[in-house]
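These notes concern the structure reproduced below.
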Amino acid sequence: MKLKENKQAATYKVPEAAAVAGVGDMAIRNGIKAGTIPHIKFGRNILIPKAAFHRFLDSCGGQTA
C-alpha cells in the first residue's frame with residue numbers, strides 16, 4: 001500500500017514558528033519551556049501544531065507585556 005505524500009505538514013519546526021510569529025528561535029523555545037506554546041516532543045524533535053499555534057497567536061493579539 002502506497003501512502004499519499006503530504007505536501008503540507010500539519011506542524012512547524014521551531015525556526016518556522018519563529019518566522020511566522022516574527023520572533024527569534026529562543027522566544028519560541030522559552031514559550032515552549034514555560035508551557036505557553038503548544039507543542040509535541042518526539043525524542044529531540046519539537047513540533048508545533050500549526051492550528052494550535054495560530055490559535056495561540058490569535059489569543060495573544062490584544063495583550064501587551
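Ordered as shown in the C-alpha cells, chains take letters A, B, and onward, while each chain numbers its residues from 1 and ligands are numbered from 1 in the order shown.
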Inset, instruction - Write out as a ChimeraX atom specification the residues lying within 9 Å of Ile48 of chain A, counting only C-alpha atoms and excluding same-chain residues fewer than 5 positions away. - result: /A:10-14,17,37-41,53
Legend entry - Filtered DSSP result for chain A, state strand (DSSP E), as a PyMOL selection string: chain A and resi 11-12+40-42+45-49
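Put simply, atom CA of Ile46 of chain A is 10.5 Å away from atom CA of Pro15 of chain A.
Closest to Ala9 of chain A among A:Arg29, A:Leu47, A:Ala52, A:Leu57 is A:Leu47, based on only C-alpha atoms.
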Inset, instruction - Would you please extract all alpha helix (DSSP H) residues from chain A, as assigned by DSSP on the backbone, and give them as a list of chain:residue names? - result: A:Val14, A:Pro15, A:Glu16, A:Ala17, A:Ala18, A:Ala19, A:Val20, A:Ala21, A:Asp25, A:Met26, A:Ala27, A:Ile28, A:Arg29, A:Asn30, A:Gly31, A:Ile32, A:Lys33, A:Ala34, A:Lys50, A:Ala51, A:Ala52, A:Phe53, A:His54, A:Arg55, A:Phe56, A:Leu57, A:Asp58, A:Ser59
